[in-house]
Every structure is written in C-alpha cells, then in structure tokens.
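Participant: Sending over a structure as structure tokens; questions will come in a sec.
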Amino acid sequence: MGKADSVCRLQGTAQPAELAQDGDLVIGGIFSFRTAQDYVINTFETIPEVRKCNDFDFREFKFAQTAIFAINEINKNPDMLPNVKLGYKIYDNCGTMDILRAALALVSGLKGEVSDDNCTKTETVQAILGHSGSRPTIAFAEIVGRFQIPVISHFATCACLSNRKEYPTFFRTIPSDYFQSRALAKLVKYFGWTWIGALAVDNEYGLNGVAAFIQVAQEYGVCIEYFETFSLSDPPDSLQRITEIIMHATSKVIMAFMSHREMKLLAKELYKQNTTGLQWVGSDAWITDHSLTDSEGHSILVGSLGFTVSQAQIPGLEEHLRQLHPSQFPDSQFVRDFWEDVFDCTLNKTANAQRQPCSGFESLQNVDSEFTDVAELRFTNNVYKAVYAVGHALDNLIKCERGKGPFLNGSCADSKQIQPWQVLHFLNSVNFTTERGERVYFDTNGDLPARYDLVNLQMTNKGTMEGVTVGIYDASLSEIHQFILHNIPVVWGNGQTEVPVSVCSESCLPGTRKVLQKGKPVCCYNCIPCPADSIHCMKCSPMSWSNEQRDACILKAIEFLAYDETLGTLLVLFSLLGFFLTMITMLVFYCHRETPLVRANNSELSFLLLFSLTLCFLCSLTFIGRPSEWSCMLRHTAFGITFVLCISCVLGKTIVVLMAFKATLPGSTVMKWFGPAQQRLSVLGLTLIQVLICILWLTISPPSPFKNIKYYKEKIILECNLGSDVGFWAVLGYIGLLAVLCFVLAFLARKLPDNFNEAKFITFSMLIFSAVWITFIPAYVSSPGKFTVAVEIFAILASSYGLLLCIFLPKCYVILFRPELNTRKHIMGKTSNIDICF
C-alpha cells in the first residue's frame, strides 16, 4: 500500500455538529432541541434524508449549554486535565433514526477519507452524552458499545439499560426505573390505594417501567383495574379509546409511565371531556416538565404525585445561560432560530419579512424563560455530573503513573493516543464529590445510587403549576426508612384536603370477612358475617377471643381452682376435717399411750403415721388457689414426700406384725433384727429416697405456672406445668411401689390371730389406697381444666381418709367405747404368753 493510499473511506455524507468546539480531547453529545417531526413513511428506495424537527424544547437546549458550561469549567480548572483542552461536538437531532445517525457521526467523524498521511488524530469522541429518551438511547448505545465508546445519559431511565451484556459501555447519572418503579409502588401502598389504573407509553421506557411497577405493586396487595399503552404515532381513535376507559373506570388513581408529550395529549383530551377528580401518579419523565404548566388541560394534572431526581444548584450556570449570543455559535441554525423566537425579531432581513430585524442590542440578561430559569435544576444537574464524570475519568487516565497503571504490567494509556476502551476502564472506577457534596460513582451496572424527591404539582399564586417537594425516597436506606413524607400540605387531584380513596371494595367491618367476587381481582370482594371457625378474619391474640357479635376481641376469663368457689370450698372443708380427725386420733392415742392396745400396735410408728397423715391432709391445700412458682413446686413435692412417709410407716407396722408372729416360735430371735432402731431407719431411708427424687426433679426441670390456652377457646386455664413428666411419674411410681409391697405383706399376715394383729385393717386400707390411685390415672389425664387439680386433691383426701379410718377407727372405738377389750389378756389372746409387742 502506497504512502497516500486510502485506508478508510466514509460511506455517505456525515452531518456536522450543531454546536462544536475543537479540543485535544472531544466529548460528544446528542440532545433534541426540537421534538416533533412530520410523519414520513420511508420507502428506502433512496437514502432517507434527515427529517426536519419542528417544536422548540428549551430544556434540551439548556442541557446542551450546561454540558458546554461544565466543559469550560474543567478547561479553566488547573487541577484537572493540565495542558489538555476539552472540546465538544453536540448534535440536536430528533427521532430515533436521526439520533442514531448522529451517534454514528460521533463515532466515525466527518472526514470522507482517512489515509496514512492524515491519520495523525482520531475524530472519534472520548464519550457520548445523552440521550434524554430511553428509546433512542437503546437504539444507539448497543451499536456504540461495540466500539467501546462510553455513553452517559442524564435522563434515560429504562431498567433494561442496566444489562451489561447488551449495553457494556452505558452509564447514567439518573437512577434506573427499577428503583423508580419500586418507589412508585411504595407510594401507592403508603396512601392505601389498592385499586388503580396504569398507563404507559408504547416503548421500552414505558413498558418496562410499568411492568416493574405492576409486579411490585401486586406484591404490596395493589390491584390493577386496567393497563393501556399508546404513543404519539398511534391513530386518534386510540387516545379516544383510552379516555373512555378512564371515564368509565371505578378507580380514581392512575399511574402514568410516559413522557411529557403523551401527557399533553392525554390531559388535553380528558379536559375536553370535562373529566375531573383523578389522582395522577407520574414518572419522572413528565412530573416536573415545564412544558406542561401552560399546556391545554394542565389543570387536570394539579395534585399529581411523582418521583424525580433531587434539586441542585450549579453556581455560575445562570450567568453562562444569560450570556448566550448567536455570535458564539455562528454556524448554528438552531441558535439563530432560538434567538429570533425569544426576541421576536429576525437576524436575516430577507428570511422573515413579518418580523422586525434584530437591533443587535438584544440580551438574555433580563429575559425570564424556561431556558434561563435555574430555580429548579434536576435533570440539568445530571448533565453537569455526567460531564464531570468523563472529566475525572480522563484526568485519572492522564495522571496515571507508570508501573502503577491498571493495564498489563502496570502500564498506563498513551495520552497522545487515548483509546475509548481505556476511557471506559477509568470511567468504571470514577469516584468523586461535587462542590455541593454530592458523591458520584457507578455500580457494576453503570447506575448511580437511587435517591428521589417526591413532587406534588400545585398551583402557585401566579396561576402557574409547579412541583413542590413533599418527601424523599432513598433506596440506599433500610426498607422502613426509604420513604419519608415531609410535614408539607399535599394538594390532591380531587381538590379535597383528605387523601382520596381508590379501592375496589371498602374494608369489611369487624365481624365480617371477605368473599372474592367471581372473575375480579383479589381487591374486589363482598363482606359476609364471620363463622366461628373462620380463618379469614383477623385473629385475636392468644390471650383474648371474639365476642358473641364477632366484631371485637375481649380478654379471656382466667380459670383456676380457687378457695372461694363451691368446689374449692368443699375440698378445703374436707381437708380441714381430715386434719382435725387426725389430730383428735393423735390426742386419743396420746392420752391412752400406756394402754395395752396402743403399746401393742407400735405406738412410735402409730404417732409418726398420724403425723404424716396430718401433713397429707394439709398438703392438699397447696393445690387450691392461683398457681405460683413456689406453690407449683411445693404441691407435688410435699405430696410425694408426705405420702411416702405415710406408706413407710404403714409398711413398718406391717413388718412388725409379721416379725412379732415369727417371734412367738420357740428359739426365734427375729425381733432383735427389726427393733425400734431398725424401724426408724427403714422409715427414714425409704423417705430419703423420695426426697432425692424430688430434689432431682426440682433441679432438672421443676414445675412452674402455665397458661393453658388450647383446651378452651373462651378461657385460660392457669395450671402447673409438671416440668418433667418423668419426675412426676417417678414420684407417683415410688409411692405405688411401696403401697404394693405393703399390700402384699399385709395380705400374707391376714390369717394371723385376730386378737394379735392389725394386718387385716392394713390390707383393707391398702386396698382402698390402691383403688383410689389406680382410678386416679385415667381420671387425671381426661379431666379438663381445674377439674384435673380437683381429681388430684380428691385422690389425696380419699387415700388419706382410707388409711385413717381403716387403721385407727377400730382402735379408737375399743379405746373409747370398749375399754374392757383394751387389756393385755385380750390383746395377747388365751394361747399366747408373749409380750413381744409391748
């Protein structure tokens, strides 16, 4: 290939930029200064021409001027990009096809042919700012991404652009619609709007945004009555159909995910139909757009709520905007058109004969317009941040130290031949703080942290509509703190001071439940009375239950065996009666302790038995009254120990009877092995075993008060939880073991001479004892509530009375009423000379 041979040739003709400035490094930008286009159908038989754009969009022009202002600031800053001048190329194309044409021009440049001779400086921009719309941004970001050129948008919010596989070089200084959709859903939930309509512009921005909103809203229990889409290119009957749907819908809240252009058409049509009382919830693409303030039907939108990016102040920007003059951009047709439109004059005398020639003294210094208004800089600040993000990335690239660079072997980029992929690398890691303290960095998807202002459209004293910040949403905070509503009055769409209601069905009154309406969403239901076992009604707390009308929760009655109720009083009387009978018996035995009958029946064990019976009657009182920690532990352990003491005494008396009979045989010395000392030790040893069982029970898992709410629906049973079932049944089992042993021994001694032994009385008492406690087990398990305690008390009293009456009543009868039988001769019998029991 020769020296002058062509290396690359541009296909077609490149369109020059609307606003341009040379520089060592150039930043591109695409902003639509004009919006509307004449509808044209391309046949593609010839190359499509750039279509003419009609209406002015001052906000877009302000975006471009803000980018120029930020670039000039960086050029004047000695600490950023030293010895490097930033330039810019800004296109003002509108329409997706022409915006894509502009993007390709920024990638390829304007040179028709590039050869080895003139290939000293690339015309490819280092990054592209824009576009404001998601649809055109989606169109060119994927193509530009193949050339590794960064694209930074200030307004394209479609969540789809966060897909790094499809758009690897896309960044934005505005939060993704993913966060906006969640914020809008949380807003709807906050105000209790469960029945709403949804509208969206028929493109990626609207469809993706409203789909994400509906998904989250339904998770919050919000139902969508209707969902419709339309765009500017739709036929007129499409808009009429949507207005008919809105007018006949029952929902009063509408979520609109569309741009200001679609909202203008919709508001105008609804205004013509005299439709009022609607509460609009809007996306950031239209909620603060100034072009809506004086559009026909804008009054329909008063009271609208929506999220938008936070306000900001950019020092020096207003002065820059007011110093604009056509002489600064002599090649820009738009600047001339803008100037003529603002001052209603003509810069070219032959172009427009209806206007007076411009005097040359026109100035924006005293002009108030959307272009010069810097009172509410929201998306404009996003442009400012985007320029500085590129500036910091380039600054970090140029200041890279060799050996510490991010590339192979710690190398850095060649500042004279900077490649777009190198800028992309540094842009991914950019992290800086603006002068007003706002931190700027990008996550792995190229998104900024999401933070919004909640804006309410209100009428001012001047009769204009403007957005008032009434709250914030910060996605970086925890779930419960993300949405904060300020203490600022909110104007509602229905003109009332109270929050409008938008529900399919009113909330069911207490005592009724929801029944879904066939073929309708879950928010639509009828209310019918609740059945007693309904699972759809609001459940009362465990400590309360529904009243008879089932419209309120009342506290459950607390039940336990109390002293002042009939059953408790009767049991107390029987316990005290048993106690006094035992004391009387003890007194009788004490007064006749020297008589043969008392001495023959082992007076020491008899007194110990009477003492234990006294405790048995008294321990039943611990089962009555409100359960407490101490009463629960005392009642079972006292019962277990006293009954073992009682049965041990009976067992000792039975063994003494048997031993006494054996001792009557010639040469028998058996009684010396079970004398008084051995009798005391046996009673003490058997009782200590029960004491040890109770100590282990109380140590490992002691009984404690327990509120039983499962047995009855209408009341709470206060009872003692056994703690350890093993401990409880071990105590009872040990008592039962001793009782069985005593019964067997007494049964064996039943045929001894009647005058000598009391075995038959012990046998009968043990029979009663065993029968009582055997029947106790099923009665205890099956008795409900406080009757469980009553059954246990009855078993204690019945067995205690059985022992007292069977063993001591015959003796008391002889002592008190048949004293002639209380003689040694009668006790020992005619055939016995033994005195062993005395």
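Following the order of the structure tokens, first chain is A, next is B, and so on, with residues numbered from 1 inside each chain and ligands from 1 in the order they appear.
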Enumerate as a PyMOL selection string all residues of region 439-579 of chain A assigned to strand (DSSP E) by DSSP on the backbone, naming them with the chain letters and numbers the document uses.
Facilitator: chain A and resi 439-441+451-459+465-474+483-485+512-516+525-529+544-546+553-555+557-559
Participant: Pick out the residues sitting within 10 Å of Gly95 (chain A), and hand them over as a ChimeraX atom specification; count only C-alpha atoms, and ignore anything fewer than 6 positions along from it in its own chain.
Facilitator: /A:32,34-37,50-53,101,135-136
Participant: Write out, as a tab-separated table, each residue of region 150-194 of chain A that has an atom at most 12 Å from region 21-27 of chain A, together with the closest pair of atoms and their distance in Å to one decimal, counting only C-alpha atoms, rows going by chain and rising number.
Facilitator:
residue	atom	partner	partner_atom	distance
A:Pro150	CA	A:Ile27	CA	10.2
A:Val151	CA	A:Ile27	CA	10.3
A:Ile152	CA	A:Ile27	CA	10.7
Participant: For those residues, write N, CA and C atoms to a file as a tab-separated table (two decimals), in the first residue's frame.
Facilitator:
chain	number	residue	atom	x	y	z
A	150	PRO	N	-17.85	5.01	25.69
A	150	PRO	CA	-18.81	5.20	26.78
A	150	PRO	C	-19.98	6.09	26.36
A	151	VAL	N	-21.17	5.73	26.82
A	151	VAL	CA	-22.37	6.53	26.63
A	151	VAL	C	-22.91	6.86	28.03
A	152	ILE	N	-23.09	8.15	28.32
A	152	ILE	CA	-23.56	8.57	29.64
A	152	ILE	C	-24.83	9.39	29.45
Participant: Taking 3 positions as the minimum chain separation for residues in the same chain, which residues sit within 12 Å of Glu548 (chain A) when counting only C-alpha atoms? Answer as a short mmCIF file (atom, residue, chain, number, x, y, z; two decimals) with N, CA and C atoms, in the first residue's frame.
Facilitator:
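So the final result, stored in selection01.cif, reads:
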data_model
loop_
_atom_site.label_atom_id
_atom_site.label_comp_id
_atom_site.auth_asym_id
_atom_site.auth_seq_id
_atom_site.Cartn_x
_atom_site.Cartn_y
_atom_site.Cartn_z
N PRO A 510 -65.72 -5.05 61.31
CA PRO A 510 -65.43 -6.13 62.27
C PRO A 510 -66.61 -7.08 62.38
N GLY A 511 -66.30 -8.36 62.39
CA GLY A 511 -67.35 -9.37 62.45
C GLY A 511 -67.75 -9.91 61.10
N PRO A 529 -70.84 -12.18 57.25
CA PRO A 529 -70.52 -12.43 58.67
C PRO A 529 -69.53 -13.57 58.82
N CYS A 530 -68.66 -13.43 59.78
CA CYS A 530 -67.63 -14.45 60.03
C CYS A 530 -68.24 -15.66 60.73
N PRO A 531 -67.91 -16.87 60.30
CA PRO A 531 -68.27 -18.05 61.09
C PRO A 531 -67.34 -18.16 62.30
N ALA A 532 -67.72 -19.01 63.23
CA ALA A 532 -66.94 -19.13 64.47
C ALA A 532 -65.53 -19.63 64.21
N TRP A 545 -60.31 -13.49 72.90
CA TRP A 545 -61.13 -14.22 71.94
C TRP A 545 -62.27 -13.33 71.48
N ASP A 551 -67.13 -9.00 66.53
CA ASP A 551 -66.63 -7.75 65.98
C ASP A 551 -65.59 -7.10 66.89
N ALA A 552 -65.17 -7.81 67.92
CA ALA A 552 -64.15 -7.28 68.82
C ALA A 552 -63.51 -8.43 69.59
N CYS A 553 -62.30 -8.20 70.02
CA CYS A 553 -61.59 -9.18 70.83
C CYS A 553 -61.69 -8.77 72.30
N ILE A 554 -62.06 -9.70 73.13
CA ILE A 554 -62.14 -9.44 74.57
C ILE A 554 -61.22 -10.41 75.29
N GLU A 714 -62.59 -19.98 75.07
CA GLU A 714 -63.08 -18.77 75.72
C GLU A 714 -62.42 -18.45 77.05
#
Participant: Determine, counting only C-alpha atoms, which protein, DNA and RNA residues have an atom within 8 Å of an atom of region 318-332 of chain A; residues of the same chain fewer than 5 positions away are not included. Present the result as JSON, numbers by chain.
Facilitator: {"A": [18, 19, 62, 65, 69, 339, 363, 364, 365, 371, 372, 373, 374]}
Participant: Tell me, as a ChimeraX atom specification, which residues lie within 10 Å of region 226-238 of chain A, counting only C-alpha atoms; anything in the same chain fewer than 3 positions away does not count.
Facilitator: /A:36,39,195-203,206-207,210-211,214,223,241-243,245-246,249,251,254-259,261-262,265-266
Participant: Can you work out which one of A:Cys412, A:Ala185, A:Val772, A:Met543 has the shortest atom-to-atom distance to Lys710 (chain A), counting only C-alpha atoms?
Facilitator: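 Closest to Lys710 (chain A) of all the choices is A:Met543.
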